[in-house]
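Pasting start.csv here (CSV, C-alpha atoms and all ligand atoms):
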```csv
chain,number,residue,atom,x,y,z
J,1,MET,CA,-31.2,-0.1,39.7
J,2,ARG,CA,-30.3,-2.7,37.0
J,3,MET,CA,-27.5,-5.0,37.8
J,4,THR,CA,-26.2,-5.4,34.3
J,5,SER,CA,-24.1,-3.4,31.8
J,6,ARG,CA,-26.4,-4.3,29.0
J,7,ARG,CA,-27.7,-1.0,27.5
J,8,ARG,CA,-31.4,-1.0,26.8
J,9,LEU,CA,-32.4,-1.1,23.1
J,10,ILE,CA,-35.8,0.2,21.9
J,11,ALA,CA,-36.4,-1.0,18.3
J,12,GLY,CA,-39.2,-0.1,16.0
J,13,ASN,CA,-40.3,-2.4,13.2
J,14,TRP,CA,-42.4,-0.2,10.8
J,15,LYS,CA,-43.3,-3.3,8.7
J,16,MET,CA,-45.0,-2.5,5.4
J,17,ASN,CA,-46.5,0.8,6.5
J,18,GLY,CA,-46.3,4.4,5.5
J,19,ARG,CA,-45.3,6.3,2.4
J,20,LEU,CA,-42.1,8.2,1.8
J,21,GLU,CA,-43.4,11.4,3.1
J,22,SER,CA,-44.9,10.0,6.3
J,23,ALA,CA,-41.8,7.9,6.9
J,24,ALA,CA,-39.6,11.0,6.7
J,25,ALA,CA,-42.0,12.9,9.0
J,26,LEU,CA,-41.9,10.0,11.5
J,27,GLY,CA,-38.1,9.9,11.4
J,28,ALA,CA,-37.9,13.7,11.9
J,29,GLY,CA,-40.4,13.5,14.8
J,30,LEU,CA,-38.3,10.8,16.6
J,31,ILE,CA,-35.0,12.7,16.1
J,32,GLU,CA,-36.6,15.9,17.4
J,33,GLY,CA,-38.0,14.0,20.4
J,34,LEU,CA,-34.6,12.5,21.2
J,35,ALA,CA,-33.0,15.9,20.9
J,36,ASN,CA,-35.5,17.4,23.3
J,37,ARG,CA,-35.6,14.6,25.8
J,38,GLN,CA,-32.0,14.1,26.8
J,39,ASP,CA,-32.7,11.2,29.2
J,40,LEU,CA,-33.9,9.1,26.3
J,41,GLN,CA,-30.3,9.3,24.9
J,42,ALA,CA,-29.3,6.9,27.7
J,43,LEU,CA,-30.9,4.1,25.6
J,44,ASP,CA,-30.0,2.7,22.2
J,45,TRP,CA,-32.7,3.3,19.5
J,46,LEU,CA,-33.3,1.5,16.3
J,47,ILE,CA,-35.8,2.1,13.5
J,48,CYS,CA,-36.5,-0.4,10.7
J,49,PRO,CA,-38.5,1.3,7.9
J,50,PRO,CA,-39.4,-0.5,4.6
J,51,PHE,CA,-36.4,-0.9,2.2
J,52,VAL,CA,-37.5,1.8,-0.2
J,53,HIS,CA,-37.6,4.4,2.6
J,54,LEU,CA,-34.2,3.6,4.0
J,55,LYS,CA,-32.0,6.0,2.0
J,56,THR,CA,-34.3,8.9,2.9
J,57,LEU,CA,-34.1,8.0,6.6
J,58,GLY,CA,-30.4,7.3,6.4
J,59,ASP,CA,-29.7,10.8,5.0
J,60,LEU,CA,-31.9,12.4,7.6
J,61,LEU,CA,-30.0,10.6,10.4
J,62,GLU,CA,-26.7,11.4,8.9
J,63,GLN,CA,-27.5,15.2,8.8
J,64,SER,CA,-29.0,15.0,12.3
J,65,ARG,CA,-25.9,13.3,13.8
J,66,GLN,CA,-23.9,16.4,12.8
J,67,LYS,CA,-26.3,18.6,14.7
J,68,ILE,CA,-27.1,16.4,17.7
J,69,PRO,CA,-23.9,14.9,19.2
J,70,GLY,CA,-24.3,11.4,20.5
J,71,LEU,CA,-27.7,10.8,18.8
J,72,ALA,CA,-28.1,7.1,19.7
J,73,MET,CA,-30.4,6.1,16.8
J,74,LYS,CA,-29.4,3.4,14.3
J,75,LEU,CA,-31.1,2.6,11.1
J,76,GLY,CA,-32.0,-1.0,10.3
J,77,ALA,CA,-33.7,-3.1,7.6
J,78,GLN,CA,-36.4,-5.6,8.1
J,79,ASP,CA,-34.6,-8.4,6.2
J,80,VAL,CA,-31.3,-9.0,4.2
J,81,SER,CA,-30.2,-11.4,1.6
J,82,ALA,CA,-28.0,-14.3,2.6
J,83,ALA,CA,-26.0,-13.7,-0.6
J,84,GLU,CA,-23.3,-11.1,-1.0
J,85,ASP,CA,-23.9,-10.1,-4.7
J,86,GLY,CA,-25.0,-11.6,-7.9
J,87,ALA,CA,-28.0,-13.1,-9.8
J,88,TYR,CA,-30.6,-13.1,-7.0
J,89,THR,CA,-33.6,-11.3,-8.4
J,90,GLY,CA,-35.4,-9.2,-5.9
J,91,GLU,CA,-32.8,-9.6,-3.1
J,92,ILE,CA,-31.1,-6.8,-1.2
J,93,SER,CA,-27.6,-7.3,0.1
J,94,ALA,CA,-26.0,-6.1,3.3
J,95,GLU,CA,-23.7,-3.9,1.3
J,96,MET,CA,-26.6,-2.2,-0.4
J,97,LEU,CA,-28.2,-1.6,3.0
J,98,ARG,CA,-25.0,-0.1,4.2
J,99,ASP,CA,-25.0,2.3,1.3
J,100,CYS,CA,-28.4,3.5,2.6
J,101,GLY,CA,-27.0,4.2,6.0
J,102,CYS,CA,-28.1,1.0,7.7
J,103,SER,CA,-26.1,-0.7,10.4
J,104,ALA,CA,-28.6,-3.2,11.7
J,105,VAL,CA,-31.1,-5.7,10.4
J,106,LEU,CA,-34.0,-7.9,11.7
J,107,ILE,CA,-33.6,-11.5,10.9
J,108,GLY,CA,-36.3,-14.2,10.9
J,109,HIS,CA,-39.3,-12.1,11.9
J,110,SER,CA,-42.3,-14.4,12.4
J,111,GLU,CA,-44.1,-12.7,9.5
J,112,ARG,CA,-41.2,-13.8,7.2
J,113,ARG,CA,-41.2,-17.3,8.6
J,114,GLN,CA,-45.0,-17.6,8.3
J,115,TYR,CA,-45.8,-15.8,5.1
J,116,PHE,CA,-42.6,-16.2,3.1
J,117,SER,CA,-41.7,-19.7,4.3
J,118,GLU,CA,-38.3,-18.7,5.7
J,119,SER,CA,-36.6,-21.9,7.0
J,120,GLU,CA,-34.3,-22.1,10.0
J,121,THR,CA,-31.5,-22.8,7.6
J,122,LEU,CA,-32.1,-19.7,5.6
J,123,ILE,CA,-32.5,-17.6,8.7
J,124,ALA,CA,-29.2,-18.9,10.1
J,125,GLN,CA,-27.5,-18.0,6.7
J,126,LYS,CA,-29.0,-14.5,6.8
J,127,LEU,CA,-27.8,-14.1,10.4
J,128,LYS,CA,-24.3,-15.1,9.6
J,129,ARG,CA,-24.2,-12.8,6.5
J,130,ALA,CA,-25.4,-9.9,8.6
J,131,ILE,CA,-23.0,-10.4,11.4
J,132,ASP,CA,-20.1,-11.1,9.1
J,133,ALA,CA,-20.9,-7.8,7.3
J,134,GLY,CA,-20.6,-6.0,10.6
J,135,PHE,CA,-24.3,-5.4,11.2
J,136,LEU,CA,-26.2,-5.5,14.5
J,137,ALA,CA,-28.4,-8.5,13.8
J,138,VAL,CA,-31.7,-8.9,15.7
J,139,LEU,CA,-32.8,-12.5,15.5
J,140,CYS,CA,-36.5,-12.9,16.1
J,141,VAL,CA,-37.9,-16.1,17.8
J,142,GLY,CA,-41.2,-17.0,19.3
J,143,GLU,CA,-43.9,-19.6,19.5
J,144,SER,CA,-47.4,-19.7,18.0
J,145,GLU,CA,-50.6,-19.8,20.0
J,146,GLN,CA,-51.1,-23.4,19.2
J,147,GLU,CA,-47.5,-24.3,20.2
J,148,ARG,CA,-47.9,-22.4,23.5
J,149,GLY,CA,-51.2,-24.2,24.1
J,150,LYS,CA,-49.4,-27.5,23.8
J,151,GLY,CA,-46.7,-26.4,26.2
J,152,LEU,CA,-44.1,-26.3,23.4
J,153,THR,CA,-42.7,-22.8,23.9
J,154,ARG,CA,-39.3,-23.8,25.1
J,155,ALA,CA,-39.0,-26.6,22.5
J,156,VAL,CA,-39.9,-24.2,19.7
J,157,ILE,CA,-37.4,-21.6,20.8
J,158,ASP,CA,-34.7,-24.2,21.3
J,159,LYS,CA,-35.1,-25.2,17.7
J,160,GLN,CA,-35.1,-21.6,16.5
J,161,ILE,CA,-31.8,-20.8,18.2
J,162,GLU,CA,-30.2,-24.2,17.6
J,163,LEU,CA,-28.6,-23.2,14.3
J,164,LEU,CA,-27.4,-20.0,15.9
J,165,LEU,CA,-25.8,-22.0,18.7
J,166,ASN,CA,-23.9,-24.0,16.1
J,167,LEU,CA,-22.8,-21.1,13.9
J,168,TRP,CA,-19.3,-20.2,15.0
J,169,PRO,CA,-17.3,-17.1,13.9
J,170,VAL,CA,-14.9,-17.2,11.0
J,171,SER,CA,-11.9,-19.5,11.7
J,172,SER,CA,-9.3,-21.1,9.6
J,173,HIS,CA,-11.7,-24.1,9.2
J,174,GLN,CA,-14.4,-21.9,7.9
J,175,ALA,CA,-12.1,-19.7,5.7
J,176,ALA,CA,-11.1,-22.9,3.9
J,177,LEU,CA,-14.7,-23.4,2.9
J,178,GLY,CA,-14.7,-20.3,0.7
J,179,PRO,CA,-17.1,-17.4,0.4
J,180,CYS,CA,-19.8,-18.0,3.0
J,181,ALA,CA,-22.8,-16.7,1.2
J,182,THR,CA,-22.2,-18.9,-1.8
J,183,GLN,CA,-21.7,-21.8,0.4
J,184,ASP,CA,-24.8,-20.9,2.4
J,185,LEU,CA,-26.9,-20.6,-0.7
J,186,GLN,CA,-25.8,-23.9,-1.9
J,187,ALA,CA,-26.8,-25.3,1.4
J,188,GLN,CA,-30.2,-23.7,0.9
J,189,ARG,CA,-30.4,-25.6,-2.3
J,190,GLY,CA,-29.9,-28.9,-0.6
J,191,VAL,CA,-26.1,-29.2,-0.2
J,192,HIS,CA,-24.9,-30.0,3.2
J,193,MET,CA,-24.5,-26.9,5.4
J,194,ALA,CA,-20.9,-27.2,6.4
J,195,LEU,CA,-20.9,-24.3,8.8
J,196,ALA,CA,-23.5,-25.9,11.1
J,197,ASN,CA,-21.1,-28.7,11.8
J,198,HIS,CA,-18.1,-26.6,12.6
J,199,GLN,CA,-16.7,-27.4,16.0
J,200,PRO,CA,-15.2,-24.4,17.9
J,201,GLY,CA,-11.6,-24.2,18.8
J,202,VAL,CA,-10.0,-22.2,21.5
J,203,GLY,CA,-9.1,-19.4,19.0
J,204,ASP,CA,-12.8,-18.8,18.4
J,205,THR,CA,-13.4,-17.3,21.8
J,206,ASN,CA,-12.5,-13.7,20.9
J,207,ALA,CA,-14.2,-13.9,17.6
J,208,ARG,CA,-17.3,-15.2,19.3
J,209,ALA,CA,-17.3,-12.3,21.8
J,210,GLU,CA,-17.2,-10.0,18.8
J,211,TRP,CA,-20.1,-11.8,17.2
J,212,ALA,CA,-22.0,-11.6,20.5
J,213,SER,CA,-21.6,-7.8,20.5
J,214,ARG,CA,-23.4,-7.7,17.2
J,215,LEU,CA,-26.2,-10.1,18.2
J,216,VAL,CA,-29.5,-9.2,19.7
J,217,ILE,CA,-32.3,-11.7,20.2
J,218,ALA,CA,-36.0,-10.7,20.2
J,219,TYR,CA,-38.5,-12.9,21.8
J,220,GLU,CA,-41.8,-12.2,20.0
J,221,PRO,CA,-44.5,-14.7,20.8
J,222,VAL,CA,-46.5,-14.9,17.5
J,223,TRP,CA,-49.8,-14.8,19.4
J,224,ALA,CA,-48.9,-11.4,20.9
J,225,ILE,CA,-48.0,-9.7,17.7
J,226,GLY,CA,-50.5,-7.1,16.7
J,227,THR,CA,-53.2,-8.7,18.9
J,228,GLY,CA,-53.1,-6.4,21.9
J,229,LYS,CA,-52.3,-9.5,24.1
J,230,SER,CA,-48.8,-9.0,25.4
J,231,ALA,CA,-47.0,-11.8,27.3
J,232,SER,CA,-47.1,-11.1,31.0
J,233,PRO,CA,-43.8,-9.8,32.5
J,234,ASP,CA,-43.3,-13.0,34.3
J,235,ASP,CA,-43.8,-15.2,31.3
J,236,ALA,CA,-41.5,-13.0,29.2
J,237,GLN,CA,-38.9,-13.1,31.9
J,238,GLN,CA,-39.0,-16.9,32.1
J,239,VAL,CA,-38.5,-17.3,28.3
J,240,HIS,CA,-35.7,-14.6,28.3
J,241,ALA,CA,-33.9,-16.4,31.1
J,242,PHE,CA,-34.3,-19.7,29.2
J,243,ILE,CA,-32.7,-18.2,26.1
J,244,ARG,CA,-29.9,-16.7,28.1
J,245,ASP,CA,-29.3,-20.1,29.8
J,246,ARG,CA,-29.2,-21.8,26.4
J,247,LEU,CA,-26.7,-19.3,25.1
J,248,ASP,CA,-24.6,-19.7,28.2
J,249,GLN,CA,-24.6,-23.5,27.9
J,250,ALA,CA,-23.4,-23.2,24.3
J,251,GLY,CA,-20.4,-21.0,25.4
J,252,TRP,CA,-21.7,-17.6,24.3
J,253,PRO,CA,-21.0,-14.6,26.5
J,254,SER,CA,-24.7,-14.6,27.4
J,255,SER,CA,-24.6,-11.9,30.0
J,256,SER,CA,-23.6,-9.4,27.3
J,257,ILE,CA,-26.2,-10.4,24.7
J,258,ARG,CA,-29.4,-8.2,24.7
J,259,ILE,CA,-32.7,-10.0,24.6
J,260,LEU,CA,-35.7,-7.8,23.6
J,261,TYR,CA,-39.4,-8.6,24.1
J,262,GLY,CA,-41.8,-7.9,21.3
J,263,GLY,CA,-45.6,-8.3,20.9
J,264,SER,CA,-48.1,-5.6,21.6
J,265,VAL,CA,-45.7,-3.5,23.6
J,266,LYS,CA,-47.2,-0.1,24.5
J,267,ALA,CA,-46.1,2.6,26.9
J,268,ASP,CA,-48.5,1.3,29.5
J,269,ASN,CA,-47.3,-2.3,29.6
J,270,ALA,CA,-43.6,-1.5,28.9
J,271,GLN,CA,-42.8,-0.4,32.4
J,272,ALA,CA,-43.6,-3.8,34.0
J,273,LEU,CA,-41.8,-5.6,31.2
J,274,PHE,CA,-38.7,-3.5,31.7
J,275,GLY,CA,-38.8,-4.3,35.4
J,276,MET,CA,-37.8,-7.9,34.5
J,277,PRO,CA,-34.0,-8.6,34.9
J,278,ASP,CA,-33.6,-10.3,31.5
J,279,VAL,CA,-35.7,-7.9,29.4
J,280,ASP,CA,-33.2,-5.6,27.8
J,281,GLY,CA,-35.6,-3.6,25.6
J,282,ALA,CA,-38.4,-4.0,23.2
J,283,LEU,CA,-39.1,-4.7,19.5
J,284,VAL,CA,-42.2,-2.6,18.8
J,285,GLY,CA,-44.5,-2.8,15.8
J,286,GLY,CA,-47.7,-0.8,15.9
J,287,ALA,CA,-46.7,1.6,18.6
J,288,SER,CA,-43.5,2.5,16.7
J,289,LEU,CA,-45.5,4.2,14.0
J,290,GLN,CA,-46.1,7.3,16.0
J,291,ALA,CA,-43.2,9.3,17.5
J,292,THR,CA,-44.9,9.9,20.8
J,293,SER,CA,-45.9,6.4,21.6
J,294,PHE,CA,-42.5,5.0,20.6
J,295,LEU,CA,-40.6,7.6,22.6
J,296,ASP,CA,-42.9,6.9,25.6
J,297,ILE,CA,-41.9,3.3,25.5
J,298,GLY,CA,-38.3,4.4,25.9
J,299,GLN,CA,-39.4,6.7,28.7
J,300,ALA,CA,-40.6,3.6,30.6
J,301,ALA,CA,-37.2,2.0,30.1
J,302,VAL,CA,-35.4,5.0,31.5
J,303,ARG,CA,-37.4,4.6,34.7
J,304,HIS,CA,-35.9,1.1,35.1
J,305,ARG,CA,-32.3,1.9,34.4
B,1,LIG,P1,-46.8,-5.2,17.5
B,1,LIG,O1,-46.0,-4.3,18.5
B,1,LIG,O2,-47.6,-4.4,16.6
B,1,LIG,O3,-47.5,-6.3,18.3
B,1,LIG,O4,-45.7,-5.9,16.6
B,1,LIG,C1,-44.6,-6.6,17.2
B,1,LIG,C2,-43.6,-6.9,16.1
B,1,LIG,O5,-43.9,-7.8,15.3
B,1,LIG,C3,-42.4,-6.2,16.1
B,1,LIG,O6,-41.5,-6.9,15.2
```
Would you mind writing the file's structure down as structure tokens?
Amino acid sequence: MRMTSRRRLIAGNWKMNGRLESAAALGAGLIEGLANRQDLQALDWLICPPFVHLKTLGDLLEQSRQKIPGLAMKLGAQDVSAAEDGAYTGEISAEMLRDCGCSAVLIGHSERRQYFSESETLIAQKLKRAIDAGFLAVLCVGESEQERGKGLTRAVIDKQIELLLNLWPVSSHQAALGPCATQDLQAQRGVHMALANHQPGVGDTNARAEWASRLVIAYEPVWAIGTGKSASPDDAQQVHAFIRDRLDQAGWPSSSIRILYGGSVKADNAQALFGMPDVDGALVGGASLQATSFLDIGQAAVRHR
């Protein structure tokens, strides 16, 4: 029996896979599976299809929620713009995602850091935008194989969550700075990032608790993504506990923040991972592309409730 009130979250990152038809079929298969396997409804579920498939999945989920009361599946995007609106060619805003039925978003996935040069500053800006817009934001962190080999795992993760630890919820100080996205994008262009230096006041506590309820952290060691080499349950637990400690030290209500593990999660290794006290679910890539393998990962979590 788990000694925490954190509800397990099983999230699927579909990455750049599928076509509209196969995405709709996968969504339908998952919804049917959840409707038939009531015990799986004790978990939270999230699917993150490619942008162009979101509206189709959003409509499907909306119709299904009317037929299946309590359907615990959210729709998420794999990225979001740090800006609210305006002349940002190719970007997609949080409000546009909401129009498609999204209420969650992945932020700072290692593939975006690695292939699209997303910086810590930009990631912090996106995170803030997503949370301010009321989304569930899944911040991805994790070390590369080389960093792990040099014993730098904790240092790397510390750096990746540092900006988050300094981002405080909206306060009078911050409101005086004007629209956050514009401010943030100016920061990205080299202007001082004012928000990172904001010191919290007593009045921030409630707002921070609210932020915490919208924040999820996913520990995804880069060397484990798509390689079939998952972190061992003990290694994952150690890193998760480290992240929780850091959140705690920074004054976040760490015991209520979910920390997911990601990297080659399959039904057969999920059970041991979910046996760890600080592993609150999984962020799944490859195995989320088939309804059965994704639902079976959830089944492993149900066994460890
Ligand atoms: P795999 O499960 O395919 O290793 O991918 C993990 C991942 O990157 C999820 O975001």
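For the point (-40.0, -0.8, 32.2), the residues with at least one atom inside 9 Å, counting all atoms listed in the file, are J:Ala267, J:Asn269, J:Ala270, J:Gln271, J:Ala272, J:Leu273, J:Phe274, J:Gly275, J:Met276, J:Val279, J:Gly281, J:Ile297, J:Gly298, J:Gln299, J:Ala300, J:Ala301, J:Val302, J:Arg303, J:His304, J:Arg305.
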Practice task
Please tell me which residues are no farther than 10 Å from (-27.7, -11.4, 5.2) in the file, counting all atoms listed in the file, and write them as a PyMOL selection string.
Solution key: chain J and resi 79-84+91-95+105-107+122-133+135+137+181
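Shortest separation to Leu136 (chain J) among J:Lys159, J:Gly90, J:Ile217, J:Asp99 occurs at residue J:Ile217, atoms counted being all atoms listed in the file.
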Practice task
Name all residues at most 9 Å from region 241-257 of chain J (count only C-alpha atoms; drop same-chain ones fewer than 2 positions away) and give them as a list in words.
Solution key: Thr4, Ser5, Arg6, Arg154, Ile157, Asp158, Ile161, Leu165, Asn166, Thr205, Arg208, Ala209, Ala212, Ser213, Arg214, Leu215, Val216, Ile217, Tyr219, Ala236, Gln237, Gln238, Val239, Ile259, Pro277, Asp278 and Val279 of chain J
Could you dump the residues just selected with C-alpha atoms as a compact mmCIF listing (two decimals), keeping the file's coordinate frame?
```
# COMPACT_ATOMS: atom_id res chain seq x y z
CA THR J 4 -26.20 -5.40 34.30
CA SER J 5 -24.10 -3.40 31.80
CA ARG J 6 -26.40 -4.30 29.00
CA ARG J 154 -39.30 -23.80 25.10
CA ILE J 157 -37.40 -21.60 20.80
CA ASP J 158 -34.70 -24.20 21.30
CA ILE J 161 -31.80 -20.80 18.20
CA LEU J 165 -25.80 -22.00 18.70
CA ASN J 166 -23.90 -24.00 16.10
CA THR J 205 -13.40 -17.30 21.80
CA ARG J 208 -17.30 -15.20 19.30
CA ALA J 209 -17.30 -12.30 21.80
CA ALA J 212 -22.00 -11.60 20.50
CA SER J 213 -21.60 -7.80 20.50
CA ARG J 214 -23.40 -7.70 17.20
CA LEU J 215 -26.20 -10.10 18.20
CA VAL J 216 -29.50 -9.20 19.70
CA ILE J 217 -32.30 -11.70 20.20
CA TYR J 219 -38.50 -12.90 21.80
CA ALA J 236 -41.50 -13.00 29.20
CA GLN J 237 -38.90 -13.10 31.90
CA GLN J 238 -39.00 -16.90 32.10
CA VAL J 239 -38.50 -17.30 28.30
CA ILE J 259 -32.70 -10.00 24.60
CA PRO J 277 -34.00 -8.60 34.90
CA ASP J 278 -33.60 -10.30 31.50
CA VAL J 279 -35.70 -7.90 29.40
```
Exercise for the section: Mind giving me the straight-line distance from CA of Ala155 (chain J) to CA of Val265 (chain J) in Å, one decimal? Expected result: 24.1 Å
Practice task
Residues within 6 Å of ligand LIG 1 (chain B), counting only C-alpha atoms and all ligand atoms: report them as a PyMOL selection string.
Solution key: chain J and resi 13+224-226+262-265+283-287
Practice task
Have a look at J:Gly18, J:Ala72, J:Lys67, J:Gln146 and name the one nearest to Leu43 (chain J); count only C-alpha atoms.
Solution key: J:Ala72
Problem - Distance query region 23-31 of chain J at most 7 Å, all atoms listed in the file, self and fewer than 4 positions along chain excluded, as a list in words - result: Gly18, Arg19, Ala35, His53, Thr56, Leu57, Gln290 and Ala291 of chain J
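Relative to CA of Arg98 (chain J), CA of Ser64 (chain J) is found at 17.6 Å.
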Exercise for the section: Tell me which of J:Cys48, J:Ser232, J:Ser117, J:Pro69 sits closest to Ser103 (chain J), counting only C-alpha atoms. Expected result: J:Cys48
